[in-house]
$ cat my_file.cif   # mmCIF, C-alpha atoms and all ligand atoms
data_my_file
#
loop_
_atom_site.label_atom_id
_atom_site.label_comp_id
_atom_site.auth_asym_id
_atom_site.auth_seq_id
_atom_site.Cartn_x
_atom_site.Cartn_y
_atom_site.Cartn_z
CA MET T 1 142.51 175.85 144.19
CA TYR T 2 144.64 178.64 142.74
CA PHE T 3 147.93 179.77 144.24
CA VAL T 4 149.19 183.02 142.78
CA ALA T 5 152.76 184.08 143.51
CA ASN T 6 153.12 187.85 143.45
CA TRP T 7 156.84 188.57 143.35
CA LYS T 8 156.38 192.34 143.33
CA MET T 9 159.66 194.20 142.63
CA PHE T 10 161.90 191.28 143.59
CA GLY T 11 163.97 188.81 141.63
CA ASN T 12 166.74 188.69 139.06
CA LEU T 13 168.06 186.10 136.61
CA LYS T 14 169.55 184.06 139.45
CA SER T 15 166.09 183.63 140.99
CA ILE T 16 165.14 181.35 138.12
CA ASN T 17 167.20 178.52 139.60
CA THR T 18 165.05 178.59 142.72
CA LEU T 19 162.09 177.45 140.62
CA ASP T 20 163.38 173.90 140.08
CA LYS T 21 161.77 172.70 143.30
CA VAL T 22 158.39 174.13 142.36
CA ILE T 23 158.57 172.63 138.88
CA LYS T 24 159.30 169.21 140.37
CA PHE T 25 156.44 169.65 142.83
CA SER T 26 154.07 170.71 140.07
CA LYS T 27 154.68 167.42 138.30
CA SER T 28 154.17 165.31 141.42
CA LYS T 29 150.96 163.86 142.79
CA GLU T 30 151.27 166.15 145.79
CA ILE T 31 150.08 169.11 143.75
CA LYS T 32 146.57 167.55 143.89
CA LYS T 33 144.10 170.15 142.66
CA GLY T 34 146.50 173.06 143.03
CA ARG T 35 147.00 175.41 140.08
CA LEU T 36 150.14 177.53 140.30
CA ILE T 37 150.51 180.96 138.73
CA TYR T 38 153.67 183.06 138.93
CA CYS T 39 153.56 186.83 138.51
CA PRO T 40 157.21 187.91 138.37
CA PRO T 41 158.37 191.41 137.44
CA TYR T 42 158.10 192.14 133.70
CA THR T 43 161.86 191.66 133.29
CA LEU T 44 161.52 187.98 134.20
CA ILE T 45 158.30 186.97 132.47
CA THR T 46 159.99 185.55 129.38
CA SER T 47 162.58 183.64 131.39
CA PHE T 48 159.91 182.20 133.69
CA PHE T 49 157.80 181.29 130.69
CA LYS T 50 160.69 179.36 129.14
CA LYS T 51 161.49 177.72 132.47
CA PHE T 52 157.90 176.51 132.83
CA GLU T 53 157.75 175.21 129.25
CA ASN T 54 157.23 171.57 130.19
CA CYS T 55 154.95 172.02 133.15
CA LEU T 56 151.53 173.41 133.89
CA ILE T 57 152.62 176.47 135.88
CA ASP T 58 151.05 179.60 134.48
CA ILE T 59 152.42 183.15 134.18
CA GLY T 60 150.95 186.56 134.86
CA GLY T 61 151.95 190.20 134.88
CA GLN T 62 151.64 192.48 137.91
CA ASN T 63 149.97 195.41 136.14
CA CYS T 64 149.44 196.82 132.67
CA HIS T 65 148.55 200.04 130.89
CA GLU T 66 144.88 200.78 130.24
CA SER T 67 145.32 201.16 126.49
CA ASP T 68 145.12 198.03 124.40
CA ASP T 69 146.76 199.86 121.55
CA TYR T 70 150.45 200.49 121.12
CA GLY T 71 151.45 204.07 121.81
CA ALA T 72 153.79 206.67 123.19
CA HIS T 73 153.69 205.66 126.86
CA THR T 74 157.26 205.59 128.08
CA GLY T 75 157.86 202.94 130.70
CA PHE T 76 154.59 201.06 130.28
CA ILE T 77 153.40 197.85 128.71
CA ASN T 78 149.88 196.86 127.73
CA SER T 79 147.76 193.74 128.06
CA ARG T 80 148.44 192.63 124.48
CA MET T 81 152.16 192.76 125.12
CA LEU T 82 151.75 190.60 128.20
CA LYS T 83 149.65 188.09 126.30
CA SER T 84 152.16 188.00 123.45
CA ILE T 85 154.98 186.85 125.73
CA GLY T 86 153.03 184.02 127.30
CA ALA T 87 151.20 185.60 130.22
CA ASN T 88 147.67 184.37 130.80
CA TYR T 89 146.94 186.45 133.87
CA VAL T 90 147.42 189.98 135.15
CA ILE T 91 147.09 191.41 138.66
CA LEU T 92 145.15 194.68 138.61
CA GLY T 93 144.02 197.10 141.31
CA HIS T 94 146.69 196.10 143.81
CA SER T 95 146.64 198.43 146.82
CA GLU T 96 150.34 199.22 146.29
CA ASN T 97 149.28 200.80 142.99
CA ARG T 98 146.01 202.28 144.22
CA ILE T 99 148.01 204.18 146.84
CA LYS T 100 150.08 205.72 144.04
CA GLY T 101 146.97 207.12 142.41
CA GLU T 102 145.31 204.27 140.50
CA THR T 103 141.63 205.13 140.65
CA ASP T 104 138.67 202.76 140.32
CA LYS T 105 138.05 204.29 136.90
CA LEU T 106 141.61 203.63 135.72
CA ILE T 107 141.52 200.11 137.11
CA ASN T 108 138.26 199.53 135.23
CA LEU T 109 139.88 200.57 131.94
CA LYS T 110 142.80 198.25 132.64
CA ILE T 111 140.48 195.35 133.42
CA ARG T 112 138.52 195.88 130.22
CA SER T 113 141.67 196.06 128.16
CA ALA T 114 143.03 192.89 129.80
CA ILE T 115 139.82 190.97 129.17
CA LYS T 116 139.92 192.10 125.54
CA ALA T 117 143.46 190.72 125.30
CA LYS T 118 142.14 187.40 126.68
CA LEU T 119 144.01 187.66 129.96
CA LYS T 120 142.48 186.43 133.19
CA VAL T 121 142.32 189.26 135.68
CA ILE T 122 143.26 189.01 139.33
CA PHE T 123 141.33 192.03 140.53
CA CYS T 124 142.48 193.19 143.98
CA ILE T 125 140.12 194.86 146.39
CA GLY T 126 140.47 195.63 150.08
CA GLU T 127 139.96 198.12 152.85
CA THR T 128 142.55 200.08 154.82
CA LEU T 129 142.81 199.74 158.60
CA LYS T 130 141.13 203.10 159.06
CA GLU T 131 138.22 202.02 156.88
CA LYS T 132 137.95 198.72 158.72
CA ASN T 133 137.96 200.42 162.11
CA SER T 134 135.23 202.78 161.06
CA GLY T 135 133.03 199.92 159.87
CA LYS T 136 133.38 200.80 156.20
CA THR T 137 134.77 197.51 154.87
CA ASN T 138 131.63 196.44 153.02
CA SER T 139 130.93 199.82 151.49
CA ILE T 140 134.53 200.15 150.29
CA LEU T 141 134.47 196.69 148.73
CA SER T 142 131.10 197.41 147.09
CA LYS T 143 132.46 200.61 145.56
CA GLN T 144 135.65 198.95 144.31
CA ILE T 145 133.67 196.10 142.74
CA LYS T 146 131.00 198.35 141.23
CA PHE T 147 133.38 200.78 139.54
CA GLY T 148 136.19 198.32 138.87
CA LEU T 149 133.90 195.94 137.00
CA ASP T 150 131.74 198.56 135.30
CA LYS T 151 130.81 197.36 131.78
CA VAL T 152 132.62 194.06 132.33
CA LYS T 153 129.94 191.66 131.22
CA LYS T 154 131.68 188.31 131.27
CA LYS T 155 132.93 187.58 134.78
CA SER T 156 134.33 184.13 134.03
CA ASN T 157 137.83 185.55 133.50
CA ILE T 158 137.76 187.60 136.69
CA PHE T 159 139.31 186.48 139.94
CA ILE T 160 138.53 188.72 142.89
CA ALA T 161 141.49 188.88 145.27
CA TYR T 162 140.32 190.16 148.63
CA GLU T 163 143.41 191.74 150.18
CA PRO T 164 142.83 193.84 153.29
CA VAL T 165 145.46 196.59 152.97
CA TRP T 166 146.36 196.28 156.67
CA SER T 167 147.16 192.63 156.16
CA ILE T 168 149.63 192.97 153.28
CA GLY T 169 153.18 192.32 154.44
CA THR T 170 152.28 192.79 158.13
CA GLY T 171 151.89 189.19 159.29
CA LYS T 172 148.31 189.98 160.32
CA ILE T 173 145.31 188.18 158.88
CA PRO T 174 141.59 188.72 159.48
CA LYS T 175 139.77 186.66 162.08
CA SER T 176 138.21 183.56 160.49
CA LYS T 177 134.65 184.67 161.17
CA GLU T 178 135.26 188.13 159.73
CA LEU T 179 136.94 186.75 156.64
CA GLN T 180 134.15 184.26 156.07
CA GLN T 181 131.57 187.05 156.32
CA THR T 182 133.51 189.25 153.92
CA VAL T 183 133.87 186.46 151.37
CA GLU T 184 130.12 185.81 151.60
CA PHE T 185 129.47 189.53 151.20
CA ILE T 186 131.62 189.65 148.05
CA LYS T 187 129.83 186.61 146.60
CA LYS T 188 126.44 188.24 147.16
CA LYS T 189 127.50 191.10 144.91
CA PHE T 190 127.34 188.78 141.93
CA LYS T 191 124.39 187.17 140.28
CA GLY T 192 124.62 184.02 138.20
CA LYS T 193 128.10 182.65 137.69
CA LEU T 194 130.36 183.82 140.50
CA PRO T 195 133.92 184.93 139.90
CA LYS T 196 136.60 182.97 141.71
CA ILE T 197 137.59 184.48 145.03
CA LEU T 198 141.12 184.52 146.39
CA TYR T 199 142.41 185.79 149.71
CA GLY T 200 145.69 187.69 149.93
CA GLY T 201 147.62 189.32 152.77
CA SER T 202 150.42 187.70 154.78
CA VAL T 203 149.57 184.16 153.67
CA ASN T 204 152.31 181.87 154.94
CA PRO T 205 152.83 178.21 155.91
CA LYS T 206 152.00 179.03 159.54
CA ASN T 207 148.59 180.59 159.02
CA ILE T 208 147.44 178.63 155.97
CA ASN T 209 145.63 176.05 158.11
CA ASP T 210 143.42 178.78 159.55
CA LEU T 211 142.83 180.31 156.16
CA THR T 212 141.80 177.03 154.53
CA LYS T 213 138.91 176.83 157.02
CA ILE T 214 137.25 179.59 155.03
CA ILE T 215 134.92 177.68 152.81
CA SER T 216 134.17 179.08 149.40
CA LEU T 217 137.64 180.52 148.85
CA ASP T 218 139.12 179.45 145.51
CA GLY T 219 142.72 180.14 146.40
CA PHE T 220 145.34 182.58 147.60
CA LEU T 221 147.43 185.51 146.35
CA ILE T 222 150.79 185.20 148.03
CA GLY T 223 153.43 187.92 148.19
CA GLY T 224 156.47 187.59 150.46
CA ALA T 225 156.17 183.85 151.12
CA SER T 226 156.00 183.02 147.40
CA GLN T 227 159.60 184.02 146.83
CA SER T 228 160.67 180.97 148.78
CA SER T 229 159.85 177.84 146.79
CA LYS T 230 159.83 175.87 150.03
CA LYS T 231 157.25 178.14 151.67
CA PHE T 232 155.16 178.31 148.52
CA ILE T 233 155.09 174.51 148.24
CA ASP T 234 154.32 174.17 151.96
CA ILE T 235 151.33 176.47 151.56
CA VAL T 236 149.95 174.34 148.73
CA LYS T 237 150.57 171.07 150.57
CA LYS T 238 148.96 172.29 153.78
CA THR T 239 145.92 173.54 151.90
CA PHE T 240 145.11 169.99 150.89
CA ASN T 241 146.01 168.25 154.15
P1 LIG P 1 152.04 189.49 151.26
O1 LIG P 1 151.56 190.22 149.94
O2 LIG P 1 151.69 188.02 151.11
O3 LIG P 1 153.52 189.72 151.32
O4 LIG P 1 151.30 190.09 152.40
C1 LIG P 1 150.37 189.89 149.29
C2 LIG P 1 150.13 190.82 148.14
O5 LIG P 1 150.44 192.00 148.25
O6 LIG P 1 149.61 190.39 147.10
#
$ encode --input "my_file.cif" --output "structure tokens" --more "lines below"
Ligand code: PGA
Amino acid sequence: MYFVANWKMFGNLKSINTLDKVIKFSKSKEIKKGRLIYCPPYTLITSFFKKFENCLIDIGGQNCHESDDYGAHTGFINSRMLKSIGANYVILGHSENRIKGETDKLINLKIRSAIKAKLKVIFCIGETLKEKNSGKTNSILSKQIKFGLDKVKKKSNIFIAYEPVWSIGTGKIPKSKELQQTVEFIKKKFKGKLPKILYGGSVNPKNINDLTKIISLDGFLIGGASQSSKKFIDIVKKTFN
């Protein structure tokens, strides 16, 4: 099971001290089959990487530019740069970036560039509340998958993170039956080797027991709750209890 901490635009150098608990936990038996991945802001990737030197916690970026070449793109970084500082993962297609104009086409270019740089991609998909209420969830997810993964042949480095937009940061999660159906629907989109499927959106220690009932999920993408080591650890522990 994968547990991805998405720190978004939070954290500073002092936050690094809060990781001691997680490092200790990651070396204990309690981690069981949990794999931890931290995606801090770019400014902290190197410090996190150094901090995790003697443990198995992995690092990822939260986005990258679509070009795998260096170039005149003020304010951006590319997949190669992420890889070169120790990141093995990158989150792409997050709804907080889609809303700012990231199109399926752009996300596709980013995914292809990340795969080329040998990063594993946490590819976010999800419907808005309006789309859900008008019964469009499946068609939206189909479209995002189809265009996002266009020309991506090898799916083994792709993690699909199903994140309903209405669930992110709201405390609301889908009903178990609905979520199960959606996960099954996503799986049916793939032939042969399936990508791993994560759920994201308001995952916390209180609702994790309900979420772990969803069979065939490979893990969780955790925003707010992941900034607290205690909550993050609790989520992992409860997943295996
Ligand atoms: P949340 O964020 O857990 O705070 O809802 C999840 C995400 O946006 O990845």
$ atom_distance --input "my_file.cif" --atom1 "CA of Phe48 (chain T)" --atom2 "CA of Phe123 (chain T)"
22.1 Å
$ closest_atom_pairs --input "my_file.cif" --of "chain T" --to "ligand LIG 1 (chain P)" --cutoff "10 Å" --atoms "only C-alpha atoms and all ligand atoms" --output "CSV"
residue,atom,partner,partner_atom,distance
T:Val4,CA,P:LIG1,O6,8.6
T:Ala5,CA,P:LIG1,O6,7.9
T:Asn6,CA,P:LIG1,O6,5.7
T:Trp7,CA,P:LIG1,O6,8.3
T:Lys8,CA,P:LIG1,O5,7.7
T:Gln62,CA,P:LIG1,O6,9.6
T:Ile91,CA,P:LIG1,O6,8.9
T:His94,CA,P:LIG1,O5,7.1
T:Ser95,CA,P:LIG1,O5,7.6
T:Glu96,CA,P:LIG1,O5,7.5
T:Cys124,CA,P:LIG1,O6,8.3
T:Ala161,CA,P:LIG1,O6,8.5
T:Tyr162,CA,P:LIG1,O6,9.4
T:Glu163,CA,P:LIG1,O6,7.1
T:Pro164,CA,P:LIG1,O4,9.3
T:Val165,CA,P:LIG1,O5,8.3
T:Trp166,CA,P:LIG1,O4,9.0
T:Ser167,CA,P:LIG1,O4,6.1
T:Ile168,CA,P:LIG1,O4,3.4
T:Gly169,CA,P:LIG1,O4,3.6
T:Thr170,CA,P:LIG1,O4,6.4
T:Gly171,CA,P:LIG1,O4,7.0
T:Lys172,CA,P:LIG1,O4,8.5
T:Ile173,CA,P:LIG1,O4,9.0
T:Tyr199,CA,P:LIG1,O6,8.9
T:Gly200,CA,P:LIG1,C1,5.2
T:Gly201,CA,P:LIG1,O4,3.8
T:Ser202,CA,P:LIG1,O4,3.5
T:Val203,CA,P:LIG1,O2,5.1
T:Asn204,CA,P:LIG1,O2,7.3
T:Phe220,CA,P:LIG1,O6,8.9
T:Leu221,CA,P:LIG1,O6,5.4
T:Ile222,CA,P:LIG1,O2,4.3
T:Gly223,CA,P:LIG1,O2,3.4
T:Gly224,CA,P:LIG1,O3,3.7
T:Ala225,CA,P:LIG1,O2,6.1
T:Ser226,CA,P:LIG1,O2,7.6
T:Gln227,CA,P:LIG1,O3,9.5
$ write_last_selection --input "my_file.cif" --atoms "C-alpha atoms" --output "PDB file, in the frame of the given file"
ATOM      1  CA  VAL T   4     149.190 183.020 142.780  1.00  0.00           C
ATOM      2  CA  ALA T   5     152.760 184.080 143.510  1.00  0.00           C
ATOM      3  CA  ASN T   6     153.120 187.850 143.450  1.00  0.00           C
ATOM      4  CA  TRP T   7     156.840 188.570 143.350  1.00  0.00           C
ATOM      5  CA  LYS T   8     156.380 192.340 143.330  1.00  0.00           C
ATOM      6  CA  GLN T  62     151.640 192.480 137.910  1.00  0.00           C
ATOM      7  CA  ILE T  91     147.090 191.410 138.660  1.00  0.00           C
ATOM      8  CA  HIS T  94     146.690 196.100 143.810  1.00  0.00           C
ATOM      9  CA  SER T  95     146.640 198.430 146.820  1.00  0.00           C
ATOM     10  CA  GLU T  96     150.340 199.220 146.290  1.00  0.00           C
ATOM     11  CA  CYS T 124     142.480 193.190 143.980  1.00  0.00           C
ATOM     12  CA  ALA T 161     141.490 188.880 145.270  1.00  0.00           C
ATOM     13  CA  TYR T 162     140.320 190.160 148.630  1.00  0.00           C
ATOM     14  CA  GLU T 163     143.410 191.740 150.180  1.00  0.00           C
ATOM     15  CA  PRO T 164     142.830 193.840 153.290  1.00  0.00           C
ATOM     16  CA  VAL T 165     145.460 196.590 152.970  1.00  0.00           C
ATOM     17  CA  TRP T 166     146.360 196.280 156.670  1.00  0.00           C
ATOM     18  CA  SER T 167     147.160 192.630 156.160  1.00  0.00           C
ATOM     19  CA  ILE T 168     149.630 192.970 153.280  1.00  0.00           C
ATOM     20  CA  GLY T 169     153.180 192.320 154.440  1.00  0.00           C
ATOM     21  CA  THR T 170     152.280 192.790 158.130  1.00  0.00           C
ATOM     22  CA  GLY T 171     151.890 189.190 159.290  1.00  0.00           C
ATOM     23  CA  LYS T 172     148.310 189.980 160.320  1.00  0.00           C
ATOM     24  CA  ILE T 173     145.310 188.180 158.880  1.00  0.00           C
ATOM     25  CA  TYR T 199     142.410 185.790 149.710  1.00  0.00           C
ATOM     26  CA  GLY T 200     145.690 187.690 149.930  1.00  0.00           C
ATOM     27  CA  GLY T 201     147.620 189.320 152.770  1.00  0.00           C
ATOM     28  CA  SER T 202     150.420 187.700 154.780  1.00  0.00           C
ATOM     29  CA  VAL T 203     149.570 184.160 153.670  1.00  0.00           C
ATOM     30  CA  ASN T 204     152.310 181.870 154.940  1.00  0.00           C
ATOM     31  CA  PHE T 220     145.340 182.580 147.600  1.00  0.00           C
ATOM     32  CA  LEU T 221     147.430 185.510 146.350  1.00  0.00           C
ATOM     33  CA  ILE T 222     150.790 185.200 148.030  1.00  0.00           C
ATOM     34  CA  GLY T 223     153.430 187.920 148.190  1.00  0.00           C
ATOM     35  CA  GLY T 224     156.470 187.590 150.460  1.00  0.00           C
ATOM     36  CA  ALA T 225     156.170 183.850 151.120  1.00  0.00           C
ATOM     37  CA  SER T 226     156.000 183.020 147.400  1.00  0.00           C
ATOM     38  CA  GLN T 227     159.600 184.020 146.830  1.00  0.00           C
TER      39      GLN T 227
END
$ closest_atom_pairs --input "my_file.cif" --of "region 82-130 of chain T" --to "region 148-153 of chain T" --cutoff "6 Å" --atoms "all atoms listed in the file" --output "JSON lines"
{"residue": "T:Asp104", "atom": "CA", "partner": "T:Gly148", "partner_atom": "CA", "distance": 5.3}
{"residue": "T:Ile107", "atom": "CA", "partner": "T:Gly148", "partner_atom": "CA", "distance": 5.9}
{"residue": "T:Asn108", "atom": "CA", "partner": "T:Gly148", "partner_atom": "CA", "distance": 4.4}
$ residues_around --input "my_file.cif" --residues "Ser229 (chain T)" --least-positions-apart "4" --cutoff "8 Å" --atoms "only C-alpha atoms" --output "list of chain:residue names"
T:Thr18, T:Leu19, T:Lys21, T:Val22, T:Ile233
$ atom_distance --input "my_file.cif" --atom1 "CA of Ile37 (chain T)" --atom2 "CA of Tyr89 (chain T)"
8.2 Å
$ residues_around --input "my_file.cif" --residues "Ile197 (chain T)" --least-positions-apart "3" --cutoff "6 Å" --atoms "all atoms listed in the file" --output "VMD selection string"
chain T and resid 159 to 161 217 to 218
$ residues_near_point --input "my_file.cif" --point "(149.5, 177.5, 155.8)" --cutoff "12 Å" --atoms "all atoms listed in the file" --output "ChimeraX atom specification"
/T:3,173,202-213,219-220,222,225-226,230-241
$ residues_around --input "my_file.cif" --residues "region 64-69 of chain T" --least-positions-apart "2" --cutoff "9 Å" --atoms "all atoms listed in the file" --output "list in words"
Gly61, Gln62, Gly71, His73, Phe76, Ile77, Asn78, Ser79, Arg80, Met81, Leu82, Val90, Ile91, Leu92, Leu106, Ile107, Asn108, Leu109, Lys110, Ile111, Arg112, Ser113, Ala114, Lys116 and Ala117 of chain T
$ write_last_selection --input "my_file.cif" --atoms "C-alpha atoms" --output "PDB file, keeping the file's coordinate frame"
ATOM      1  CA  GLY T  61     151.950 190.200 134.880  1.00  0.00           C
ATOM      2  CA  GLN T  62     151.640 192.480 137.910  1.00  0.00           C
ATOM      3  CA  GLY T  71     151.450 204.070 121.810  1.00  0.00           C
ATOM      4  CA  HIS T  73     153.690 205.660 126.860  1.00  0.00           C
ATOM      5  CA  PHE T  76     154.590 201.060 130.280  1.00  0.00           C
ATOM      6  CA  ILE T  77     153.400 197.850 128.710  1.00  0.00           C
ATOM      7  CA  ASN T  78     149.880 196.860 127.730  1.00  0.00           C
ATOM      8  CA  SER T  79     147.760 193.740 128.060  1.00  0.00           C
ATOM      9  CA  ARG T  80     148.440 192.630 124.480  1.00  0.00           C
ATOM     10  CA  MET T  81     152.160 192.760 125.120  1.00  0.00           C
ATOM     11  CA  LEU T  82     151.750 190.600 128.200  1.00  0.00           C
ATOM     12  CA  VAL T  90     147.420 189.980 135.150  1.00  0.00           C
ATOM     13  CA  ILE T  91     147.090 191.410 138.660  1.00  0.00           C
ATOM     14  CA  LEU T  92     145.150 194.680 138.610  1.00  0.00           C
ATOM     15  CA  LEU T 106     141.610 203.630 135.720  1.00  0.00           C
ATOM     16  CA  ILE T 107     141.520 200.110 137.110  1.00  0.00           C
ATOM     17  CA  ASN T 108     138.260 199.530 135.230  1.00  0.00           C
ATOM     18  CA  LEU T 109     139.880 200.570 131.940  1.00  0.00           C
ATOM     19  CA  LYS T 110     142.800 198.250 132.640  1.00  0.00           C
ATOM     20  CA  ILE T 111     140.480 195.350 133.420  1.00  0.00           C
ATOM     21  CA  ARG T 112     138.520 195.880 130.220  1.00  0.00           C
ATOM     22  CA  SER T 113     141.670 196.060 128.160  1.00  0.00           C
ATOM     23  CA  ALA T 114     143.030 192.890 129.800  1.00  0.00           C
ATOM     24  CA  LYS T 116     139.920 192.100 125.540  1.00  0.00           C
ATOM     25  CA  ALA T 117     143.460 190.720 125.300  1.00  0.00           C
TER      26      ALA T 117
END
$ axis_aligned_box --input "my_file.cif" --around "region 26-37 of chain T" --padding-each-side "6 Å" --output "lines of an AutoDock Vina configuration file"
center_x = 149.4
center_y = 172.4
center_z = 142.0
size_x = 22.6
size_y = 29.1
size_z = 19.5
$ atom_distance --input "my_file.cif" --atom1 "CA of Phe52 (chain T)" --atom2 "CA of Phe10 (chain T)"
18.7 Å
$ closest_residue --input "my_file.cif" --among "T:Lys196, T:Lys189, T:Lys105, T:Lys24" --to "Leu56 (chain T)" --atoms "all atoms listed in the file"
T:Lys24
$ closest_residue --input "my_file.cif" --among "T:Asn17, T:Thr182, T:Ser228, T:Thr43" --to "Lys136 (chain T)" --atoms "all atoms listed in the file"
T:Thr182
